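Since the structure comes first, as structure tokens, the remarks are kept for the end.
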Amino acid sequence: MRASFRLGRIAGVPVGVNWSVLVIFVLIAWALSASQFPRAYPGHSVVAYVAAGLAAAVVFFLGLLAHEVAHAVVAKRNGIEVEGITLWLFGGVSELKGEARDPGAELRIAGVGPLVSLIIGLFFGAIAVLLALAGSHGLLLGALSWLAGINVLLAVFNVLPAAPLDGGRLLRAAVWKATGDRTKASVVASRAGWVLGALLIGLGLWQFLAGSGVGGLWLALIGWFLIGAAGAEERQARMGSALRGIRVADVMTPQPQTASGEMTVADFVDHYLFAYRHSALPLADEGRPIGLVTLDRVRGVPADRRAATTLAEVSCRADELVLASPDEQLNDLLPRLSQCADGRALVVTDHRLVGIVSPSDISRAVQRGSMREQTAAGRS
């Protein structure tokens, strides 16, 4: 999930917001200020209801951010790099660059998020109880009670034992600990996520047909998201298993053809496009990679501008390149391939280009790894 704009850094981790957050933010603020608060606490002005609704929505998203920051901080303490945190339509996501080394680390990283949400909920709940005992029954009590309930609900929902929820990670840690097989644990958690998603879709459609309106459709949408995410996690787990033990050097194309960043797109089309059999061309300066250009990027340049446009202008820039070493494990490289939109990695030794890894190279490696696993299973 890509961030539409950045908010800054928290605990050294970049924090961003996707535009879809605006959708759920507006829905929450509108539901509270136009319906829930006026119905439960009549007699206040429209401005007061709007202010209370907006304030509660803002604090709710700050709680979501605290949930994700907790994941990120514990992940870093367990040796996993965190690329960033993004808030979006369905809450938040911490982009981890790697996997937990053992079930204990997995449990700590997954469990801290729901724990933080639960603590936030109990904190607001305690303040609400004190205000109620003091005789307060206004909008402040309503906002605090809602924040307490929604954070506790968030914690409970997140510990459901189904991927990609935090509870799915907890389930994976338990199965991993019991069986010693990370892949099997990931598949179990993903299948549980598929089942939960199907149940939510069924319940949501039933509620919609029974007259609950948008609430039922929203539940079905969450279920649809869970099924998609769980399926993606299962595929990733199986791919990781197939690639276990394979080095970057085993799959890379060695000594790839390169070009100068000063070459024009027109020259590339005339002299390289049909002679070069690959769809990506590294740009190099005295053997050091400085960019990466693909056929898709070249096609995006209008024909009348190709003679005046250099490859450097349309390439994946040097600071966007994904660099790997020949001896690096391919599984460790995969999470980084999303950093550059072209999905490729340049292999370097002593800062000099020695190879390139493309999606087709990885696909062939997965096929060979799968055949190897099938052969080993057949022998056993």
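Chains: A, B, ... in order of the structure tokens. Residues: from 1 per chain. Ligands: from 1, in order shown.
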Next on the checklist: Need the shell around Gly261 in chain A: protein/DNA/RNA residues with any atom at most 6 Å away, counting only C-alpha atoms. Skip same-chain ones fewer than 2 positions apart. Format as an MDAnalysis selection string?
Outcome noted: chainID A and resid 263 283 311:312
Can you write out the residues you just picked, keeping all heavy atoms, as an mmCIF file, in the first residue's frame?
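Wrote selection_9.cif, looks like this:
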data_model
loop_
_atom_site.group_PDB
_atom_site.id
_atom_site.type_symbol
_atom_site.label_atom_id
_atom_site.label_comp_id
_atom_site.auth_asym_id
_atom_site.auth_seq_id
_atom_site.Cartn_x
_atom_site.Cartn_y
_atom_site.Cartn_z
ATOM 1 N N MET A 263 22.682 8.547 -23.525
ATOM 2 C CA MET A 263 22.101 8.099 -24.791
ATOM 3 C C MET A 263 20.660 8.571 -24.895
ATOM 4 O O MET A 263 19.909 8.570 -23.911
ATOM 5 C CB MET A 263 22.141 6.571 -24.880
ATOM 6 C CG MET A 263 21.493 5.999 -26.147
ATOM 7 S SD MET A 263 21.402 4.202 -26.118
ATOM 8 C CE MET A 263 23.138 3.786 -26.210
ATOM 9 N N LEU A 283 21.828 1.219 -16.705
ATOM 10 C CA LEU A 283 22.681 2.328 -17.115
ATOM 11 C C LEU A 283 23.896 2.327 -16.198
ATOM 12 O O LEU A 283 23.763 2.174 -14.980
ATOM 13 C CB LEU A 283 21.937 3.658 -16.997
ATOM 14 C CG LEU A 283 20.597 3.753 -17.740
ATOM 15 C CD1 LEU A 283 19.999 5.141 -17.569
ATOM 16 C CD2 LEU A 283 20.755 3.410 -19.208
ATOM 17 N N LEU A 311 18.136 8.614 -21.746
ATOM 18 C CA LEU A 311 17.700 7.464 -20.963
ATOM 19 C C LEU A 311 17.715 7.779 -19.469
ATOM 20 O O LEU A 311 16.884 7.271 -18.714
ATOM 21 C CB LEU A 311 18.609 6.269 -21.244
ATOM 22 C CG LEU A 311 18.536 5.676 -22.660
ATOM 23 C CD1 LEU A 311 19.453 4.459 -22.755
ATOM 24 C CD2 LEU A 311 17.109 5.287 -23.013
ATOM 25 N N ALA A 312 18.653 8.629 -19.054
ATOM 26 C CA ALA A 312 18.722 8.988 -17.636
ATOM 27 C C ALA A 312 17.447 9.679 -17.170
ATOM 28 O O ALA A 312 17.040 9.540 -16.014
ATOM 29 C CB ALA A 312 19.921 9.894 -17.379
#
Could you please write out, as a compact mmCIF listing (two decimals) with all heavy atoms, in the first residue's frame, every residue of range 152-328 of chain A that DSSP assigns to strand (DSSP E or B)?
# COMPACT_ATOMS: atom_id res chain seq x y z
N ARG A 247 20.74 -18.68 -3.95
CA ARG A 247 21.43 -17.39 -3.88
C ARG A 247 21.09 -16.54 -5.10
O ARG A 247 20.63 -17.03 -6.13
CB ARG A 247 22.94 -17.59 -3.82
CG ARG A 247 23.44 -18.41 -2.64
CD ARG A 247 24.95 -18.59 -2.77
NE ARG A 247 25.30 -19.13 -4.09
CZ ARG A 247 26.41 -18.82 -4.75
NH1 ARG A 247 27.29 -17.97 -4.21
NH2 ARG A 247 26.66 -19.35 -5.93
N THR A 253 21.22 -12.93 -14.36
CA THR A 253 21.83 -12.91 -15.68
C THR A 253 23.16 -12.18 -15.54
O THR A 253 23.19 -10.98 -15.24
CB THR A 253 20.93 -12.17 -16.69
OG1 THR A 253 19.67 -12.85 -16.77
CG2 THR A 253 21.58 -12.12 -18.06
N PRO A 254 24.28 -12.88 -15.73
CA PRO A 254 25.58 -12.24 -15.48
C PRO A 254 25.99 -11.27 -16.59
O PRO A 254 25.61 -11.43 -17.75
CB PRO A 254 26.54 -13.43 -15.40
CG PRO A 254 25.90 -14.48 -16.26
CD PRO A 254 24.41 -14.29 -16.10
N ALA A 259 24.10 0.59 -20.96
CA ALA A 259 24.10 1.77 -21.83
C ALA A 259 24.42 2.99 -21.00
O ALA A 259 24.39 2.96 -19.76
CB ALA A 259 22.74 1.93 -22.51
N THR A 264 20.24 8.99 -26.07
CA THR A 264 18.86 9.42 -26.25
C THR A 264 17.95 8.22 -26.43
O THR A 264 18.39 7.13 -26.81
CB THR A 264 18.73 10.34 -27.48
OG1 THR A 264 19.00 9.58 -28.66
CG2 THR A 264 19.66 11.54 -27.39
N ALA A 280 14.84 -4.92 -19.87
CA ALA A 280 15.38 -3.90 -18.98
C ALA A 280 16.87 -3.72 -19.28
O ALA A 280 17.58 -4.69 -19.54
CB ALA A 280 15.19 -4.29 -17.51
N LEU A 281 17.31 -2.49 -19.24
CA LEU A 281 18.70 -2.18 -19.58
C LEU A 281 19.32 -1.33 -18.48
O LEU A 281 18.89 -0.20 -18.24
CB LEU A 281 18.75 -1.43 -20.90
CG LEU A 281 20.15 -1.11 -21.45
CD1 LEU A 281 20.85 -2.38 -21.87
CD2 LEU A 281 20.04 -0.14 -22.63
N PRO A 282 20.33 -1.86 -17.77
CA PRO A 282 20.99 -1.04 -16.74
C PRO A 282 21.80 0.09 -17.38
O PRO A 282 22.38 -0.07 -18.46
CB PRO A 282 21.91 -2.03 -16.04
CG PRO A 282 21.42 -3.39 -16.43
CD PRO A 282 20.84 -3.23 -17.79
N LEU A 283 21.83 1.22 -16.71
CA LEU A 283 22.68 2.33 -17.12
C LEU A 283 23.90 2.33 -16.20
O LEU A 283 23.76 2.17 -14.98
CB LEU A 283 21.94 3.66 -17.00
CG LEU A 283 20.60 3.75 -17.74
CD1 LEU A 283 20.00 5.14 -17.57
CD2 LEU A 283 20.75 3.41 -19.21
N ALA A 284 25.07 2.49 -16.78
CA ALA A 284 26.29 2.39 -15.99
C ALA A 284 27.27 3.48 -16.38
O ALA A 284 27.27 3.97 -17.51
CB ALA A 284 26.93 1.01 -16.17
N ASP A 285 28.09 3.84 -15.41
CA ASP A 285 29.16 4.81 -15.62
C ASP A 285 30.45 4.19 -15.09
O ASP A 285 30.61 4.04 -13.87
CB ASP A 285 28.85 6.11 -14.89
CG ASP A 285 29.92 7.17 -15.08
OD1 ASP A 285 30.76 7.01 -15.99
OD2 ASP A 285 29.94 8.14 -14.29
N ARG A 288 29.82 1.23 -12.83
CA ARG A 288 28.96 1.45 -11.65
C ARG A 288 27.53 1.74 -12.10
O ARG A 288 27.32 2.60 -12.95
CB ARG A 288 29.49 2.62 -10.81
CG ARG A 288 30.89 2.38 -10.26
CD ARG A 288 31.41 3.62 -9.55
NE ARG A 288 32.75 3.40 -9.05
CZ ARG A 288 33.02 2.95 -7.83
NH1 ARG A 288 32.01 2.71 -6.99
NH2 ARG A 288 34.26 2.76 -7.43
N PRO A 289 26.55 1.03 -11.55
CA PRO A 289 25.16 1.26 -11.96
C PRO A 289 24.65 2.62 -11.52
O PRO A 289 24.84 3.02 -10.37
CB PRO A 289 24.40 0.13 -11.27
CG PRO A 289 25.24 -0.23 -10.09
CD PRO A 289 26.66 -0.02 -10.52
N ILE A 290 24.01 3.33 -12.44
CA ILE A 290 23.47 4.66 -12.13
C ILE A 290 21.99 4.76 -12.46
O ILE A 290 21.36 5.78 -12.19
CB ILE A 290 24.23 5.76 -12.89
CG1 ILE A 290 24.13 5.52 -14.40
CG2 ILE A 290 25.68 5.82 -12.44
CD1 ILE A 290 24.70 6.65 -15.23
N GLY A 291 21.41 3.70 -13.03
CA GLY A 291 20.00 3.75 -13.38
C GLY A 291 19.55 2.46 -14.03
O GLY A 291 20.36 1.53 -14.24
N LEU A 292 18.27 2.39 -14.34
CA LEU A 292 17.70 1.21 -14.99
C LEU A 292 16.53 1.67 -15.86
O LEU A 292 15.61 2.33 -15.38
CB LEU A 292 17.20 0.21 -13.95
CG LEU A 292 16.56 -1.07 -14.48
CD1 LEU A 292 17.64 -1.95 -15.13
CD2 LEU A 292 15.86 -1.83 -13.37
N VAL A 293 16.58 1.34 -17.14
CA VAL A 293 15.52 1.74 -18.05
C VAL A 293 14.84 0.49 -18.59
O VAL A 293 15.50 -0.53 -18.83
CB VAL A 293 16.08 2.60 -19.21
CG1 VAL A 293 16.99 1.79 -20.12
CG2 VAL A 293 14.95 3.23 -20.02
N THR A 294 13.53 0.54 -18.74
CA THR A 294 12.77 -0.59 -19.25
C THR A 294 12.00 -0.18 -20.50
O THR A 294 11.82 1.00 -20.79
CB THR A 294 11.76 -1.09 -18.20
OG1 THR A 294 10.79 -0.06 -17.96
CG2 THR A 294 12.45 -1.45 -16.90
N THR A 310 16.94 11.87 -22.85
CA THR A 310 17.99 10.88 -22.56
C THR A 310 17.42 9.73 -21.74
O THR A 310 16.36 9.86 -21.09
CB THR A 310 19.15 11.52 -21.79
OG1 THR A 310 18.68 11.95 -20.50
CG2 THR A 310 19.72 12.70 -22.56
N CYS A 316 14.82 4.42 -13.91
CA CYS A 316 14.72 4.27 -12.46
C CYS A 316 16.01 4.84 -11.88
O CYS A 316 17.10 4.37 -12.19
CB CYS A 316 14.56 2.79 -12.11
SG CYS A 316 14.37 2.42 -10.37
N ARG A 317 15.92 5.89 -11.08
CA ARG A 317 17.10 6.64 -10.66
C ARG A 317 18.00 5.81 -9.73
O ARG A 317 17.59 4.79 -9.18
CB ARG A 317 16.69 7.92 -9.94
CG ARG A 317 15.83 8.86 -10.78
CD ARG A 317 15.65 10.18 -10.05
NE ARG A 317 15.23 10.00 -8.67
CZ ARG A 317 13.97 9.88 -8.30
NH1 ARG A 317 13.01 9.92 -9.20
NH2 ARG A 317 13.66 9.74 -7.02
N LEU A 323 19.73 -2.95 -5.08
CA LEU A 323 21.04 -3.56 -5.27
C LEU A 323 21.16 -4.80 -4.40
O LEU A 323 20.65 -4.85 -3.27
CB LEU A 323 22.15 -2.57 -4.91
CG LEU A 323 22.15 -1.24 -5.68
CD1 LEU A 323 23.28 -0.34 -5.20
CD2 LEU A 323 22.24 -1.49 -7.18
N ALA A 324 21.83 -5.81 -4.93
CA ALA A 324 22.02 -7.06 -4.20
C ALA A 324 23.44 -7.56 -4.42
O ALA A 324 24.10 -7.17 -5.38
CB ALA A 324 21.01 -8.11 -4.68
Item to check | Separation of CA of Gly343 in chain A from CA of Asp181 in chain A in Å | outcome: 28.7 Å
Checklist entry - Near Leu144 in chain A, within 12 Å and counting only C-alpha atoms, which residues show up once chain neighbours fewer than 3 positions away are dropped, as a ChimeraX atom specification? => result /A:37,52-53,55-57,59-60,120-132,136-141,147-151
Next on the checklist: as number ranges by chain, please: the residues near Asp166 in chain A (cut-off 6 Å, only C-alpha atoms, same-chain neighbours under 6 positions excluded).
Outcome noted: A: 110, 158-159
Checklist entry - Between A:Gly91, A:Gly180, A:Gly202, A:Gly211, which has the minimum distance to Trp224 in chain A (counting only C-alpha atoms)? => result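 Going through A:Gly91, A:Gly180, A:Gly202, A:Gly211 one by one, the smallest distance to Trp224 in chain A is for A:Gly202.
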Checklist entry - Excluding same-chain residues fewer than 3 positions from Gly197 in chain A, what lies within 7 Å of it counting only C-alpha atoms, as a ChimeraX atom specification? => result /A:193-194,200-201,223-224,226-227
Item to check | Selection near Val93 in chain A, 10 Å with only C-alpha atoms, sequence-local residues under 6 positions removed, as a VMD selection string | outcome: chain A and resid 1 64 to 65 67 to 69 71 to 72 84 to 87
Fewer than 4 positions away in the same chain doesn't count, so skip those; otherwise give me all residues within 12 Å of Gly231 in chain A, counting only C-alpha atoms, as a PDB file with N, CA and C atoms, in the first residue's frame.
ATOM      1  N   ALA A 162      -6.411 -15.415  12.089  1.00  0.00           N
ATOM      2  CA  ALA A 162      -6.522 -15.516  10.637  1.00  0.00           C
ATOM      3  C   ALA A 162      -5.630 -14.467   9.986  1.00  0.00           C
ATOM      4  N   ALA A 163      -4.803 -14.889   9.037  1.00  0.00           N
ATOM      5  CA  ALA A 163      -3.969 -13.952   8.281  1.00  0.00           C
ATOM      6  C   ALA A 163      -4.863 -13.122   7.358  1.00  0.00           C
ATOM      7  N   PRO A 164      -4.547 -11.837   7.113  1.00  0.00           N
ATOM      8  CA  PRO A 164      -3.312 -11.137   7.511  1.00  0.00           C
ATOM      9  C   PRO A 164      -3.435 -10.381   8.824  1.00  0.00           C
ATOM     10  N   SER A 186       2.569 -20.721   7.856  1.00  0.00           N
ATOM     11  CA  SER A 186       2.037 -19.627   7.042  1.00  0.00           C
ATOM     12  C   SER A 186       0.807 -20.072   6.263  1.00  0.00           C
ATOM     13  N   VAL A 187       0.841 -21.288   5.732  1.00  0.00           N
ATOM     14  CA  VAL A 187      -0.303 -21.812   4.974  1.00  0.00           C
ATOM     15  C   VAL A 187      -1.515 -21.982   5.884  1.00  0.00           C
ATOM     16  N   VAL A 188      -1.302 -22.498   7.090  1.00  0.00           N
ATOM     17  CA  VAL A 188      -2.413 -22.666   8.047  1.00  0.00           C
ATOM     18  C   VAL A 188      -3.053 -21.318   8.362  1.00  0.00           C
ATOM     19  N   ALA A 189      -2.224 -20.303   8.644  1.00  0.00           N
ATOM     20  CA  ALA A 189      -2.751 -18.978   8.968  1.00  0.00           C
ATOM     21  C   ALA A 189      -3.478 -18.368   7.770  1.00  0.00           C
ATOM     22  N   SER A 190      -2.957 -18.588   6.570  1.00  0.00           N
ATOM     23  CA  SER A 190      -3.590 -18.040   5.370  1.00  0.00           C
ATOM     24  C   SER A 190      -4.936 -18.710   5.101  1.00  0.00           C
ATOM     25  N   ARG A 191      -4.991 -20.019   5.274  1.00  0.00           N
ATOM     26  CA  ARG A 191      -6.270 -20.723   5.082  1.00  0.00           C
ATOM     27  C   ARG A 191      -7.306 -20.246   6.099  1.00  0.00           C
ATOM     28  N   ALA A 192      -6.860 -19.999   7.328  1.00  0.00           N
ATOM     29  CA  ALA A 192      -7.774 -19.465   8.342  1.00  0.00           C
ATOM     30  C   ALA A 192      -8.279 -18.083   7.937  1.00  0.00           C
ATOM     31  N   GLY A 193      -7.401 -17.281   7.316  1.00  0.00           N
ATOM     32  CA  GLY A 193      -7.814 -15.970   6.828  1.00  0.00           C
ATOM     33  C   GLY A 193      -8.855 -16.077   5.729  1.00  0.00           C
ATOM     34  N   TRP A 194      -8.680 -17.061   4.860  1.00  0.00           N
ATOM     35  CA  TRP A 194      -9.668 -17.275   3.790  1.00  0.00           C
ATOM     36  C   TRP A 194     -11.023 -17.637   4.386  1.00  0.00           C
ATOM     37  N   VAL A 195     -11.036 -18.517   5.380  1.00  0.00           N
ATOM     38  CA  VAL A 195     -12.293 -18.933   6.017  1.00  0.00           C
ATOM     39  C   VAL A 195     -12.973 -17.746   6.693  1.00  0.00           C
ATOM     40  N   GLY A 197     -12.588 -14.563   6.010  1.00  0.00           N
ATOM     41  CA  GLY A 197     -13.069 -13.657   4.977  1.00  0.00           C
ATOM     42  C   GLY A 197     -14.381 -14.129   4.377  1.00  0.00           C
ATOM     43  N   TRP A 224     -13.838  -9.574   1.753  1.00  0.00           N
ATOM     44  CA  TRP A 224     -13.207  -9.697   0.435  1.00  0.00           C
ATOM     45  C   TRP A 224     -11.729  -9.344   0.507  1.00  0.00           C
ATOM     46  N   PHE A 225     -11.402  -8.292   1.251  1.00  0.00           N
ATOM     47  CA  PHE A 225      -9.998  -7.905   1.422  1.00  0.00           C
ATOM     48  C   PHE A 225      -9.216  -9.011   2.130  1.00  0.00           C
ATOM     49  N   LEU A 226      -9.790  -9.611   3.169  1.00  0.00           N
ATOM     50  CA  LEU A 226      -9.090 -10.661   3.903  1.00  0.00           C
ATOM     51  C   LEU A 226      -8.796 -11.860   3.004  1.00  0.00           C
ATOM     52  N   ILE A 227      -9.758 -12.245   2.163  1.00  0.00           N
ATOM     53  CA  ILE A 227      -9.538 -13.378   1.266  1.00  0.00           C
ATOM     54  C   ILE A 227      -8.398 -13.094   0.305  1.00  0.00           C
ATOM     55  N   ARG A 235       0.590 -17.643  -1.232  1.00  0.00           N
ATOM     56  CA  ARG A 235       1.456 -17.738  -2.414  1.00  0.00           C
ATOM     57  C   ARG A 235       2.879 -17.304  -2.087  1.00  0.00           C
ATOM     58  N   GLN A 236       3.001 -16.239  -1.301  1.00  0.00           N
ATOM     59  CA  GLN A 236       4.322 -15.760  -0.916  1.00  0.00           C
ATOM     60  C   GLN A 236       5.051 -16.791  -0.060  1.00  0.00           C
ATOM     61  N   ALA A 237       4.325 -17.441   0.845  1.00  0.00           N
ATOM     62  CA  ALA A 237       4.943 -18.447   1.706  1.00  0.00           C
ATOM     63  C   ALA A 237       5.440 -19.627   0.887  1.00  0.00           C
ATOM     64  N   ARG A 238       4.635 -20.068  -0.064  1.00  0.00           N
ATOM     65  CA  ARG A 238       5.042 -21.200  -0.898  1.00  0.00           C
ATOM     66  C   ARG A 238       6.227 -20.817  -1.785  1.00  0.00           C
TER      67      ARG A 238
END
